[in-house]
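S.K.: TSV, C-alpha atoms and all ligand atoms, saved as my_file38.tsv, coming up:
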```tsv
chain	number	residue	atom	x	y	z
A	29	MET	CA	89.74	114.64	-0.77
A	30	GLU	CA	91.62	116.20	-3.69
A	31	ARG	CA	94.98	114.74	-4.79
A	32	THR	CA	97.44	115.34	-7.60
A	33	VAL	CA	98.36	112.67	-10.13
A	34	ASN	CA	100.91	112.66	-12.93
A	35	VAL	CA	99.42	112.95	-16.42
A	36	ALA	CA	101.25	112.74	-19.77
A	37	CYS	CA	99.58	115.55	-21.68
A	38	CYS	CA	99.81	118.17	-24.40
A	39	HIS	CA	98.93	121.87	-24.24
A	40	GLU	CA	99.51	122.16	-28.00
A	41	TRP	CA	99.94	119.68	-30.86
A	42	GLY	CA	103.33	119.21	-32.49
A	43	GLU	CA	106.56	117.25	-32.38
A	44	PRO	CA	106.33	114.81	-29.40
A	45	GLY	CA	109.85	115.70	-28.20
A	46	SER	CA	108.71	119.28	-27.59
A	47	VAL	CA	104.98	119.17	-26.80
A	48	LEU	CA	104.53	116.01	-24.68
A	49	ARG	CA	105.01	116.66	-20.97
A	50	VAL	CA	104.23	114.93	-17.70
A	51	GLU	CA	102.68	117.24	-15.11
A	52	PRO	CA	100.53	117.02	-11.98
A	53	TRP	CA	96.76	117.35	-12.43
A	54	THR	CA	94.34	117.60	-9.53
A	55	ILE	CA	91.56	115.05	-9.20
A	56	ALA	CA	88.75	115.00	-6.68
A	57	GLU	CA	86.88	112.16	-4.98
A	58	PRO	CA	84.48	110.35	-7.33
A	59	GLY	CA	81.13	112.13	-7.27
A	60	PRO	CA	77.67	110.60	-7.84
A	61	GLY	CA	77.81	108.15	-10.75
A	62	GLN	CA	81.62	108.36	-11.01
A	63	VAL	CA	84.48	105.99	-10.22
A	64	LEU	CA	88.18	106.40	-9.44
A	65	VAL	CA	90.45	104.41	-11.74
A	66	GLU	CA	94.15	103.82	-11.03
A	67	MET	CA	95.96	103.16	-14.31
A	68	ILE	CA	98.31	100.16	-14.43
A	69	ALA	CA	99.86	100.08	-17.91
A	70	ALA	CA	99.42	101.61	-21.36
A	71	PRO	CA	101.16	101.04	-24.70
A	72	VAL	CA	102.56	103.66	-27.07
A	73	ASN	CA	100.71	103.11	-30.35
A	74	PRO	CA	101.22	104.96	-33.64
A	75	ALA	CA	97.78	106.56	-33.11
A	76	ASP	CA	99.02	108.17	-29.86
A	77	ILE	CA	101.91	109.73	-31.75
A	78	ASN	CA	99.55	110.92	-34.49
A	79	VAL	CA	97.32	112.51	-31.81
A	80	ILE	CA	100.32	114.34	-30.27
A	81	GLU	CA	101.36	115.52	-33.74
A	82	GLY	CA	97.83	116.83	-34.33
A	83	ARG	CA	97.31	114.45	-37.26
A	84	TYR	CA	94.74	111.98	-35.95
A	85	GLY	CA	91.14	111.53	-37.18
A	86	LYS	CA	89.76	112.89	-33.90
A	87	ARG	CA	91.57	115.12	-31.42
A	88	PRO	CA	90.52	115.81	-27.83
A	89	PRO	CA	90.30	119.44	-26.69
A	90	LEU	CA	93.50	120.97	-25.27
A	91	PRO	CA	95.03	120.57	-22.77
A	92	ALA	CA	94.67	116.85	-23.41
A	93	ALA	CA	95.69	113.74	-21.52
A	94	ILE	CA	97.32	111.40	-24.05
A	95	GLY	CA	96.86	107.65	-24.47
A	96	ASN	CA	94.30	105.78	-26.54
A	97	GLU	CA	94.37	102.46	-24.71
A	98	GLY	CA	95.63	100.85	-21.54
A	99	VAL	CA	94.42	99.05	-18.46
A	100	GLY	CA	93.36	100.57	-15.17
A	101	GLU	CA	91.62	99.23	-12.08
A	102	VAL	CA	88.46	100.65	-10.56
A	103	VAL	CA	89.48	101.37	-6.94
A	104	GLN	CA	86.65	103.54	-5.60
A	105	LEU	CA	82.97	103.91	-6.44
A	106	GLY	CA	81.09	107.18	-6.10
A	107	PRO	CA	77.50	107.25	-4.79
A	108	GLY	CA	75.00	105.43	-6.99
A	109	VAL	CA	77.50	103.51	-9.11
A	110	GLU	CA	76.66	100.14	-7.57
A	111	SER	CA	73.14	100.40	-8.97
A	112	ASP	CA	74.39	101.47	-12.45
A	113	PRO	CA	73.17	98.93	-15.06
A	114	ARG	CA	76.68	98.94	-16.61
A	115	GLY	CA	77.76	97.16	-13.42
A	116	LEU	CA	81.19	98.54	-12.55
A	117	GLU	CA	82.66	97.20	-9.36
A	118	LYS	CA	85.85	97.59	-7.37
A	119	GLY	CA	88.74	95.58	-8.81
A	120	GLN	CA	87.25	95.66	-12.35
A	121	TRP	CA	89.86	96.27	-15.07
A	122	VAL	CA	88.86	98.96	-17.58
A	123	ARG	CA	90.11	100.91	-20.57
A	124	PRO	CA	89.40	104.65	-20.71
A	125	VAL	CA	87.65	105.28	-24.05
A	126	PRO	CA	89.52	107.33	-26.69
A	127	GLY	CA	89.78	111.00	-25.78
A	128	VAL	CA	89.87	110.44	-22.00
A	129	GLY	CA	93.60	109.66	-21.89
A	130	SER	CA	95.26	106.54	-20.46
A	131	TRP	CA	98.81	107.82	-19.87
A	132	ARG	CA	98.02	109.01	-16.37
A	133	GLU	CA	98.28	107.71	-12.84
A	134	ALA	CA	94.56	107.97	-12.12
A	135	LEU	CA	91.32	109.45	-13.40
A	136	ILE	CA	87.75	110.10	-12.35
A	137	ALA	CA	85.31	108.78	-14.93
A	138	GLU	CA	81.71	107.87	-15.55
A	139	PRO	CA	80.99	104.24	-16.50
A	140	GLY	CA	80.23	105.32	-20.10
A	141	GLN	CA	83.83	106.54	-20.42
A	142	LEU	CA	85.23	103.13	-19.52
A	143	THR	CA	85.24	99.83	-21.40
A	144	PRO	CA	85.23	96.86	-19.01
A	145	LEU	CA	88.11	94.46	-19.70
A	146	PRO	CA	88.47	90.77	-18.93
A	147	ARG	CA	90.87	90.26	-16.02
A	148	GLU	CA	90.96	86.57	-15.11
A	149	GLY	CA	94.10	84.83	-16.34
A	150	LEU	CA	95.49	87.94	-18.02
A	151	ILE	CA	98.60	89.91	-17.07
A	152	PRO	CA	98.49	93.73	-17.30
A	153	GLU	CA	100.42	94.01	-20.59
A	154	GLN	CA	97.90	91.67	-22.26
A	155	ALA	CA	94.92	93.68	-21.01
A	156	ALA	CA	96.64	97.00	-21.79
A	157	THR	CA	97.05	96.02	-25.45
A	158	LEU	CA	93.76	94.13	-25.90
A	159	CYS	CA	91.45	96.85	-27.21
A	160	VAL	CA	93.04	98.27	-30.37
A	161	ASN	CA	95.31	96.01	-32.38
A	162	PRO	CA	93.82	92.51	-31.86
A	163	PRO	CA	90.25	93.83	-32.46
A	164	THR	CA	91.44	95.57	-35.64
A	165	ALA	CA	92.82	92.27	-36.91
A	166	TRP	CA	89.73	90.35	-35.76
A	167	ARG	CA	87.23	92.72	-37.39
A	168	MET	CA	89.14	92.98	-40.67
A	169	LEU	CA	89.28	89.17	-40.95
A	170	HIS	CA	85.54	88.86	-40.23
A	171	ASP	CA	83.67	91.93	-41.49
A	172	PHE	CA	84.65	92.44	-45.14
A	173	VAL	CA	84.94	89.12	-46.99
A	174	GLU	CA	83.42	85.77	-46.13
A	175	LEU	CA	86.57	83.72	-45.78
A	176	ARG	CA	86.75	79.94	-45.57
A	177	PRO	CA	89.53	77.79	-44.12
A	178	GLY	CA	92.32	77.50	-46.66
A	179	ASP	CA	91.65	80.96	-48.16
A	180	TRP	CA	94.58	83.35	-48.56
A	181	VAL	CA	94.86	86.85	-47.08
A	182	VAL	CA	97.66	89.24	-48.06
A	183	GLN	CA	98.93	92.05	-45.83
A	184	ASN	CA	101.75	94.56	-45.48
A	185	ALA	CA	103.16	95.96	-42.19
A	186	ALA	CA	103.19	92.32	-41.10
A	187	THR	CA	105.68	93.05	-38.29
A	188	SER	CA	103.25	95.51	-36.67
A	189	ALA	CA	101.09	94.56	-33.69
A	190	VAL	CA	98.07	94.48	-36.04
A	191	GLY	CA	100.02	92.40	-38.55
A	192	ARG	CA	101.12	89.90	-35.93
A	193	ALA	CA	97.56	89.58	-34.65
A	194	VAL	CA	96.36	89.00	-38.24
A	195	ILE	CA	98.92	86.19	-38.64
A	196	GLN	CA	97.97	84.50	-35.37
A	197	ILE	CA	94.19	84.90	-35.67
A	198	ALA	CA	94.23	83.84	-39.34
A	199	ALA	CA	96.24	80.71	-38.52
A	200	HIS	CA	93.75	79.93	-35.72
A	201	LEU	CA	90.85	80.28	-38.18
A	202	GLY	CA	92.57	78.03	-40.74
A	203	LEU	CA	93.27	80.94	-43.13
A	204	ARG	CA	96.62	81.31	-44.87
A	205	THR	CA	98.59	84.55	-44.93
A	206	ILE	CA	101.05	86.18	-47.29
A	207	ASN	CA	102.95	88.79	-45.33
A	208	LEU	CA	104.98	91.68	-46.69
A	209	VAL	CA	107.79	93.07	-44.52
A	210	ARG	CA	110.55	95.56	-45.14
A	211	ARG	CA	113.27	93.76	-43.11
A	212	GLU	CA	114.78	90.39	-43.99
A	213	GLU	CA	115.42	89.56	-40.32
A	214	ALA	CA	111.66	89.58	-39.62
A	215	VAL	CA	111.00	86.60	-41.92
A	216	ALA	CA	111.87	83.76	-39.54
A	217	GLU	CA	110.15	85.44	-36.60
A	218	LEU	CA	106.84	85.82	-38.44
A	219	GLN	CA	107.03	82.26	-39.77
A	220	ALA	CA	107.38	81.11	-36.16
A	221	LEU	CA	104.17	83.01	-35.35
A	222	GLY	CA	102.30	81.04	-38.01
A	223	ALA	CA	102.80	83.09	-41.19
A	224	ASP	CA	102.48	80.88	-44.27
A	225	ALA	CA	104.64	83.13	-46.44
A	226	VAL	CA	106.76	86.17	-45.66
A	227	LEU	CA	108.11	88.26	-48.53
A	228	VAL	CA	110.47	91.19	-48.29
A	229	GLU	CA	108.99	94.16	-50.18
A	230	GLY	CA	110.95	95.27	-53.22
A	231	ASN	CA	112.93	91.99	-53.47
A	232	ALA	CA	110.84	90.29	-56.09
A	233	LYS	CA	107.87	90.69	-58.42
A	234	LEU	CA	105.00	90.06	-56.06
A	235	GLY	CA	102.50	88.71	-58.65
A	236	PRO	CA	104.46	85.64	-59.86
A	237	GLU	CA	105.72	84.89	-56.33
A	238	VAL	CA	102.19	84.88	-54.95
A	239	GLU	CA	100.86	82.68	-57.77
A	240	GLU	CA	103.66	80.21	-57.13
A	241	LEU	CA	103.00	80.17	-53.39
A	242	THR	CA	99.28	79.70	-53.64
A	243	GLY	CA	99.22	77.37	-56.63
A	244	GLY	CA	97.31	80.00	-58.62
A	245	ALA	CA	94.70	80.92	-55.97
A	246	ARG	CA	94.67	84.65	-55.34
A	247	PRO	CA	93.76	86.34	-52.05
A	248	ARG	CA	90.30	87.92	-51.83
A	249	LEU	CA	91.28	90.15	-48.90
A	250	ALA	CA	94.24	92.56	-48.66
A	251	LEU	CA	95.05	94.50	-45.49
A	252	ASN	CA	96.98	97.72	-45.93
A	253	GLY	CA	98.70	99.46	-43.01
A	254	VAL	CA	101.39	101.21	-45.08
A	255	GLY	CA	100.07	103.07	-48.18
A	256	GLY	CA	102.23	104.24	-51.12
A	257	GLN	CA	103.68	101.64	-53.49
A	258	SER	CA	103.11	98.87	-50.97
A	259	ALA	CA	99.33	99.45	-51.04
A	260	GLN	CA	99.36	99.27	-54.84
A	261	GLU	CA	101.33	95.99	-54.76
A	262	LEU	CA	98.64	94.46	-52.55
A	263	ALA	CA	95.95	95.54	-55.02
A	264	LYS	CA	97.81	93.90	-57.91
A	265	VAL	CA	97.75	90.43	-56.32
A	266	LEU	CA	94.09	90.50	-55.24
A	267	ALA	CA	91.65	88.16	-56.96
A	268	PRO	CA	89.00	89.80	-59.21
A	269	GLY	CA	86.23	91.14	-56.96
A	270	GLY	CA	88.67	91.21	-54.02
A	271	THR	CA	88.57	93.73	-51.17
A	272	HIS	CA	91.45	96.01	-50.19
A	273	VAL	CA	91.11	97.38	-46.65
A	274	THR	CA	93.22	100.34	-45.56
A	275	TYR	CA	93.62	100.71	-41.81
A	276	GLY	CA	96.98	102.47	-41.46
A	277	ALA	CA	99.32	104.78	-43.32
A	278	MET	CA	102.76	104.11	-41.84
A	279	ALA	CA	104.63	105.30	-44.96
A	280	LYS	CA	102.65	108.59	-44.89
A	281	VAL	CA	102.47	108.40	-48.71
A	282	PRO	CA	99.15	108.30	-50.63
A	283	PHE	CA	98.66	105.47	-53.11
A	284	SER	CA	97.59	105.57	-56.72
A	285	LEU	CA	96.02	102.81	-58.79
A	286	PRO	CA	96.15	101.77	-62.42
A	287	ALA	CA	92.57	102.17	-63.69
A	288	GLY	CA	92.70	98.60	-65.10
A	289	LEU	CA	92.64	97.17	-61.59
A	290	LEU	CA	89.30	98.83	-61.00
A	291	ILE	CA	87.83	98.25	-64.45
A	292	PHE	CA	88.95	94.70	-65.21
A	293	ASN	CA	89.40	93.30	-61.68
A	294	ASP	CA	86.43	95.05	-60.07
A	295	LEU	CA	88.29	95.57	-56.78
A	296	ARG	CA	86.70	97.17	-53.70
A	297	PHE	CA	88.71	99.74	-51.74
A	298	VAL	CA	87.47	100.41	-48.23
A	299	GLY	CA	88.82	101.70	-44.92
A	300	PHE	CA	88.53	100.50	-41.36
A	301	TRP	CA	88.79	102.41	-38.07
A	302	VAL	CA	88.34	100.41	-34.89
A	303	THR	CA	87.28	103.54	-32.95
A	304	ALA	CA	84.27	103.89	-35.25
A	305	TRP	CA	83.52	100.18	-34.80
A	306	TYR	CA	83.42	100.64	-30.99
A	307	GLU	CA	81.06	103.61	-31.43
A	308	ARG	CA	78.67	101.48	-33.52
A	309	ALA	CA	78.89	98.28	-31.47
A	310	SER	CA	76.65	97.41	-28.53
A	311	PRO	CA	78.23	96.79	-25.09
A	312	ASP	CA	77.42	93.08	-25.54
A	313	GLU	CA	79.15	92.88	-28.92
A	314	ILE	CA	82.21	94.60	-27.45
A	315	ALA	CA	82.29	92.32	-24.41
A	316	THR	CA	81.89	89.20	-26.55
A	317	MET	CA	84.72	90.18	-28.89
A	318	LEU	CA	87.08	91.15	-26.03
A	319	GLU	CA	86.32	87.90	-24.20
A	320	THR	CA	87.01	85.89	-27.37
A	321	LEU	CA	90.33	87.69	-27.85
A	322	ALA	CA	91.17	87.27	-24.15
A	323	ASP	CA	90.61	83.51	-24.56
A	324	LEU	CA	93.06	83.51	-27.46
A	325	LEU	CA	95.59	85.29	-25.22
A	326	ARG	CA	95.02	82.84	-22.35
A	327	ASP	CA	95.46	79.91	-24.75
A	328	GLY	CA	98.67	81.39	-26.19
A	329	VAL	CA	97.10	81.66	-29.67
A	330	LEU	CA	97.67	85.44	-29.50
A	331	THR	CA	100.85	86.84	-28.00
A	332	VAL	CA	101.96	90.36	-27.05
A	333	LYS	CA	105.49	91.46	-27.79
A	334	ILE	CA	106.96	94.20	-25.59
A	335	GLU	CA	110.32	95.67	-26.55
A	336	ALA	CA	110.77	98.04	-23.61
A	337	ARG	CA	109.02	99.37	-20.50
A	338	TYR	CA	109.17	102.93	-19.18
A	339	PRO	CA	107.68	104.64	-16.13
A	340	LEU	CA	105.04	107.27	-16.91
A	341	THR	CA	107.43	110.05	-15.90
A	342	ARG	CA	109.60	109.07	-18.90
A	343	ALA	CA	106.73	109.16	-21.43
A	344	ARG	CA	108.70	111.40	-23.78
A	345	GLU	CA	111.58	108.89	-23.93
A	346	ALA	CA	109.05	106.10	-24.42
A	347	VAL	CA	107.64	107.90	-27.46
A	348	ALA	CA	111.13	108.53	-28.87
A	349	HIS	CA	111.82	104.80	-28.50
A	350	ALA	CA	108.52	103.91	-30.21
A	351	LEU	CA	109.60	106.03	-33.19
A	352	ARG	CA	112.88	104.08	-33.66
A	353	GLU	CA	113.28	101.95	-36.79
A	354	GLY	CA	113.58	98.19	-36.44
A	355	ARG	CA	111.67	98.06	-33.17
A	356	ARG	CA	110.68	94.48	-32.29
A	357	GLY	CA	107.62	95.02	-30.10
A	358	LYS	CA	105.51	97.58	-28.29
A	359	ILE	CA	106.76	100.19	-25.86
A	360	LEU	CA	104.80	99.93	-22.61
A	361	LEU	CA	104.28	102.61	-19.99
A	362	GLU	CA	104.19	100.98	-16.56
A	363	ILE	CA	102.20	103.25	-14.29
A	401	LIG	N1	92.38	101.87	-38.38
A	401	LIG	C1	92.43	101.34	-37.16
A	401	LIG	O1	91.43	101.12	-36.49
A	401	LIG	C2	93.79	100.99	-36.61
A	401	LIG	C3	93.89	100.21	-35.46
A	401	LIG	C4	95.17	99.85	-35.01
A	401	LIG	C5	96.30	100.31	-35.70
A	401	LIG	N2	96.12	101.11	-36.77
A	401	LIG	C6	97.26	101.59	-37.58
A	401	LIG	O2	97.96	100.45	-38.00
A	401	LIG	C7	99.32	100.77	-38.16
A	401	LIG	C8	100.15	99.78	-37.35
A	401	LIG	O3	99.87	99.97	-35.96
A	401	LIG	P1	100.55	99.03	-34.87
A	401	LIG	O4	100.24	99.52	-33.53
A	401	LIG	O5	100.19	97.64	-35.20
A	401	LIG	O6	102.09	99.28	-35.24
A	401	LIG	P2	103.41	98.93	-34.46
A	401	LIG	O7	103.26	97.64	-33.74
A	401	LIG	O8	103.84	100.12	-33.68
A	401	LIG	O9	104.44	98.70	-35.66
A	401	LIG	C9	104.70	99.70	-36.62
A	401	LIG	C10	104.73	99.05	-37.99
A	401	LIG	O10	104.87	100.03	-39.00
A	401	LIG	C11	105.95	99.68	-39.87
A	401	LIG	N3	106.52	100.91	-40.38
A	401	LIG	C12	106.99	101.93	-39.67
A	401	LIG	N4	107.38	102.95	-40.49
A	401	LIG	C13	107.12	102.52	-41.75
A	401	LIG	C14	107.31	103.09	-43.05
A	401	LIG	N5	107.82	104.31	-43.20
A	401	LIG	N6	106.94	102.35	-44.13
A	401	LIG	C15	106.42	101.12	-43.96
A	401	LIG	N7	106.22	100.53	-42.76
A	401	LIG	C16	106.57	101.23	-41.68
A	401	LIG	C17	106.90	98.88	-38.99
A	401	LIG	O11	107.75	98.10	-39.77
A	401	LIG	P3	109.18	97.61	-39.21
A	401	LIG	O12	108.88	96.48	-38.27
A	401	LIG	O13	109.88	97.17	-40.43
A	401	LIG	O14	109.82	98.78	-38.52
A	401	LIG	C18	105.88	98.06	-38.19
A	401	LIG	O15	105.40	97.00	-38.97
A	401	LIG	C19	99.47	102.22	-37.72
A	401	LIG	O16	99.34	103.06	-38.85
A	401	LIG	C20	98.25	102.42	-36.82
A	401	LIG	O17	97.86	103.76	-36.71
A	401	LIG	C21	94.90	101.45	-37.24
```
Would you mind giving the structure from this file in structure tokens?
Ligand SMILES: NC(=O)c1ccc[n+]([C@@H]2O[C@H](COP(=O)([O-])OP(=O)(O)OC[C@H]3O[C@@H](n4cnc5c(N)ncnc54)[C@H](OP(=O)(O)O)[C@@H]3O)[C@@H](O)[C@H]2O)c1
M.R.:
Amino acid sequence: MERTVNVACCHEWGEPGSVLRVEPWTIAEPGPGQVLVEMIAAPVNPADINVIEGRYGKRPPLPAAIGNEGVGEVVQLGPGVESDPRGLEKGQWVRPVPGVGSWREALIAEPGQLTPLPREGLIPEQAATLCVNPPTAWRMLHDFVELRPGDWVVQNAATSAVGRAVIQIAAHLGLRTINLVRREEAVAELQALGADAVLVEGNAKLGPEVEELTGGARPRLALNGVGGQSAQELAKVLAPGGTHVTYGAMAKVPFSLPAGLLIFNDLRFVGFWVTAWYERASPDEIATMLETLADLLRDGVLTVKIEARYPLTRAREAVAHALREGRRGKILLEI
């Protein structure tokens, strides 16, 4: 039987306040090989806003349901799904893969369009925010430089969800972090999360401060979610041969580099996109990583900070809130 469900969507790309709307879409019963998923919760991430603005690396065709991550529950199986080797069953929590759209009441999908999520011991906001930011932190701490306990990592955007996950995962792995923020009031909060040092950008010369903090040891890994001057500052404190990973561009400003950093310090500049990692990874690798991160959530090693919750029908207000300065956690759509 057909039914209509609310979907936060765009018919054109542009300023979220004008192009994002919530409207009824019709969905049918799940056909052969399909399942019906009822969405439970989804965060508003910077990537969602970039998609709406038409500025993301990959854009779905228009009209497009918005929402890059979230948690939904499989509530109905179409014919033949039970024998599908990917093993979806009723009650399974899933994330619609990027492009499908998670800011919607329900969707019909094939198993390949859904990433199974751990459920036991997790609450919806933990599962809804499990797939993007913690994996980005996890991969960047594991895939670029072989780090040993006691090693230093330096990052900017330390108040972001990625930054917080970096602090908590690094502390769990015995790594030490130097964290750049742009607000003094964030210092104590990040120290309480396990940050070894928190420096306010622009307050001091980063080089001497870092040397003093680390007793002369310099970080071999820098994580850049900002760009502009901040990205250059990270490069300046890296050890010779160090790796500078760009994963975000919150300042929306390109960064330049003194040639000496490349010539004399032999630095590596690379990028990371978790969406591309998911495309390369096998289902087993994905499941293993998500289960490891879910364990960290269950044990309280990783925490999720939510600043405000909105119903799906108020998605536009939720996005406006996510764009506010000085936000202290994620905005969550409760569906
Ligand atoms: N490449 C990937 O695979 C990947 C994966 C996940 C996230 N990301 C990117 O990582 C970044 C952070 O995402 P998130 O979800 O963790 O963020 P978030 O929790 O929404 O937090 C936003 C962060 O950006 C900072 N910020 C906002 N405007 C800024 C500006 N003009 N200059 C400097 N900093 C600014 C905020 O600082 P305040 O706290 O001071 O406001 C805060 O730290 C985004 O660019 C996102 O697209 C990339």
S.K.: Which one of A:Trp305, A:Leu289, A:Pro74, A:Gln219 sits closest to A:Arg352 if you count only C-alpha atoms?
M.R.: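 The shortest atom-to-atom distance to A:Arg352 comes from A:Pro74.
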S.K.: Check which residues fall inside 6 Å of ligand LIG 401 (chain A) when counting all atoms listed in the file, and print them as JSON, numbers by chain.
M.R.: {"A": [73, 74, 75, 160, 161, 164, 185, 186, 187, 188, 189, 190, 210, 211, 253, 254, 275, 276, 277, 278, 279, 300, 301, 302, 303, 353, 354, 355, 358]}
S.K.: Need the shell around A:Leu351: protein/DNA/RNA residues with any atom at most 12 Å away, counting all atoms listed in the file. Skip same-chain ones fewer than 4 positions apart. Format as a ChimeraX atom specification?
M.R.: /A:43-45,72-78,278,344-347,355-359
S.K.: From the set A:Asp323, A:Asp179, A:Glu51, A:Glu101, which residue has the shortest atom-to-atom contact distance to A:Val33, counting all atoms listed in the file?
M.R.: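 Residue with the minimum atom-to-atom distance to A:Val33: A:Glu51.
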S.K.: Set the distance at 12 Å and use only C-alpha atoms: which residues neighbour A:Gly100 once local chain neighbours fewer than 3 positions away are removed? I'd like the list as a PyMOL selection string.
M.R.: chain A and resi 63-70+97+103+118-125+129-137+142-147+152-153+155-157+362-363
S.K.: Those same residues - C-alpha atoms - I'd like them written as a short mmCIF file (atom, residue, chain, number, x, y, z; two decimals), in the coordinates of the input.
M.R.:
```cif
data_model
loop_
_atom_site.label_atom_id
_atom_site.label_comp_id
_atom_site.auth_asym_id
_atom_site.auth_seq_id
_atom_site.Cartn_x
_atom_site.Cartn_y
_atom_site.Cartn_z
CA VAL A 63 84.48 105.99 -10.22
CA LEU A 64 88.18 106.40 -9.44
CA VAL A 65 90.45 104.41 -11.74
CA GLU A 66 94.15 103.82 -11.03
CA MET A 67 95.96 103.16 -14.31
CA ILE A 68 98.31 100.16 -14.43
CA ALA A 69 99.86 100.08 -17.91
CA ALA A 70 99.42 101.61 -21.36
CA GLU A 97 94.37 102.46 -24.71
CA VAL A 103 89.48 101.37 -6.94
CA LYS A 118 85.85 97.59 -7.37
CA GLY A 119 88.74 95.58 -8.81
CA GLN A 120 87.25 95.66 -12.35
CA TRP A 121 89.86 96.27 -15.07
CA VAL A 122 88.86 98.96 -17.58
CA ARG A 123 90.11 100.91 -20.57
CA PRO A 124 89.40 104.65 -20.71
CA VAL A 125 87.65 105.28 -24.05
CA GLY A 129 93.60 109.66 -21.89
CA SER A 130 95.26 106.54 -20.46
CA TRP A 131 98.81 107.82 -19.87
CA ARG A 132 98.02 109.01 -16.37
CA GLU A 133 98.28 107.71 -12.84
CA ALA A 134 94.56 107.97 -12.12
CA LEU A 135 91.32 109.45 -13.40
CA ILE A 136 87.75 110.10 -12.35
CA ALA A 137 85.31 108.78 -14.93
CA LEU A 142 85.23 103.13 -19.52
CA THR A 143 85.24 99.83 -21.40
CA PRO A 144 85.23 96.86 -19.01
CA LEU A 145 88.11 94.46 -19.70
CA PRO A 146 88.47 90.77 -18.93
CA ARG A 147 90.87 90.26 -16.02
CA PRO A 152 98.49 93.73 -17.30
CA GLU A 153 100.42 94.01 -20.59
CA ALA A 155 94.92 93.68 -21.01
CA ALA A 156 96.64 97.00 -21.79
CA THR A 157 97.05 96.02 -25.45
CA GLU A 362 104.19 100.98 -16.56
CA ILE A 363 102.20 103.25 -14.29
#
```
S.K.: Just give me the gap between atom CA of A:Gly61 and atom CA of A:Glu117 in Å, one decimal is fine.
M.R.: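 Separation of atom CA of A:Gly61 and atom CA of A:Glu117: 12.1 Å.
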S.K.: In Å to one decimal, how far is atom CA of A:Pro126 from atom CA of A:Pro60?
M.R.: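 One can read the atom CA of A:Pro60 to atom CA of A:Pro126 distance as 22.5 Å.
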S.K.: Could you check which of A:Glu261, A:Ile94, A:Trp180, A:Val281 is closest to A:Leu241, using all atoms listed in the file?
M.R.: A:Trp180
S.K.: As lines of an AutoDock Vina configuration file, please: the centre and edge lengths in Å, to one decimal, of an axis-aligned box enclosing every listed atom of stretch 323-341 of chain A with 4 Å added on each side.
M.R.:
```
center_x = 100.7
center_y = 95.0
center_z = -22.8
size_x = 28.2
size_y = 38.1
size_z = 21.8
```
S.K.: So that I can see what lies close to A:Arg246, please list as JSON, numbers by chain the residues with an atom at most 12 Å from it, counting only C-alpha atoms and leaving out residues fewer than 6 positions away in the same chain.
M.R.: {"A": [178, 179, 180, 181, 182, 204, 205, 206, 234, 235, 236, 237, 238, 239, 240, 262, 263, 264, 265, 266, 267, 268, 269, 270, 271, 293]}
S.K.: Please fill the gaps in stretch 276-287 of chain A so it has N, CA and C atoms, and write that as a PDB file, in the frame of the given file.
M.R.:
```pdb
ATOM      1  N   GLY A 276      95.852 101.684 -41.960  1.00  0.00           N
ATOM      2  CA  GLY A 276      96.980 102.470 -41.460  1.00  0.00           C
ATOM      3  C   GLY A 276      97.724 103.109 -42.613  1.00  0.00           C
ATOM      4  N   ALA A 277      98.607 104.035 -42.276  1.00  0.00           N
ATOM      5  CA  ALA A 277      99.320 104.780 -43.320  1.00  0.00           C
ATOM      6  C   ALA A 277     100.756 105.036 -42.848  1.00  0.00           C
ATOM      7  N   MET A 278     101.446 103.940 -42.453  1.00  0.00           N
ATOM      8  CA  MET A 278     102.760 104.110 -41.840  1.00  0.00           C
ATOM      9  C   MET A 278     103.752 104.841 -42.749  1.00  0.00           C
ATOM     10  N   ALA A 279     103.660 104.638 -44.064  1.00  0.00           N
ATOM     11  CA  ALA A 279     104.630 105.300 -44.960  1.00  0.00           C
ATOM     12  C   ALA A 279     104.301 106.779 -45.153  1.00  0.00           C
ATOM     13  N   LYS A 280     103.121 107.192 -44.737  1.00  0.00           N
ATOM     14  CA  LYS A 280     102.650 108.590 -44.890  1.00  0.00           C
ATOM     15  C   LYS A 280     102.717 109.044 -46.345  1.00  0.00           C
ATOM     16  N   VAL A 281     102.462 108.086 -47.277  1.00  0.00           N
ATOM     17  CA  VAL A 281     102.470 108.400 -48.710  1.00  0.00           C
ATOM     18  C   VAL A 281     101.146 107.913 -49.291  1.00  0.00           C
ATOM     19  N   PRO A 282     100.417 108.765 -50.035  1.00  0.00           N
ATOM     20  CA  PRO A 282      99.150 108.300 -50.630  1.00  0.00           C
ATOM     21  C   PRO A 282      99.436 107.230 -51.688  1.00  0.00           C
ATOM     22  N   PHE A 283      98.417 106.437 -52.038  1.00  0.00           N
ATOM     23  CA  PHE A 283      98.660 105.470 -53.110  1.00  0.00           C
ATOM     24  C   PHE A 283      97.777 105.739 -54.305  1.00  0.00           C
ATOM     25  N   SER A 284      98.351 105.415 -55.487  1.00  0.00           N
ATOM     26  CA  SER A 284      97.590 105.570 -56.720  1.00  0.00           C
ATOM     27  C   SER A 284      97.339 104.181 -57.293  1.00  0.00           C
ATOM     28  N   LEU A 285      96.406 104.114 -58.248  1.00  0.00           N
ATOM     29  CA  LEU A 285      96.020 102.810 -58.790  1.00  0.00           C
ATOM     30  C   LEU A 285      95.908 102.863 -60.292  1.00  0.00           C
ATOM     31  N   PRO A 286      96.429 101.849 -60.990  1.00  0.00           N
ATOM     32  CA  PRO A 286      96.150 101.770 -62.420  1.00  0.00           C
ATOM     33  C   PRO A 286      94.644 101.538 -62.598  1.00  0.00           C
ATOM     34  N   ALA A 287      94.027 102.270 -63.525  1.00  0.00           N
ATOM     35  CA  ALA A 287      92.570 102.170 -63.690  1.00  0.00           C
ATOM     36  C   ALA A 287      92.146 100.736 -64.004  1.00  0.00           C
TER      37      ALA A 287
END
```
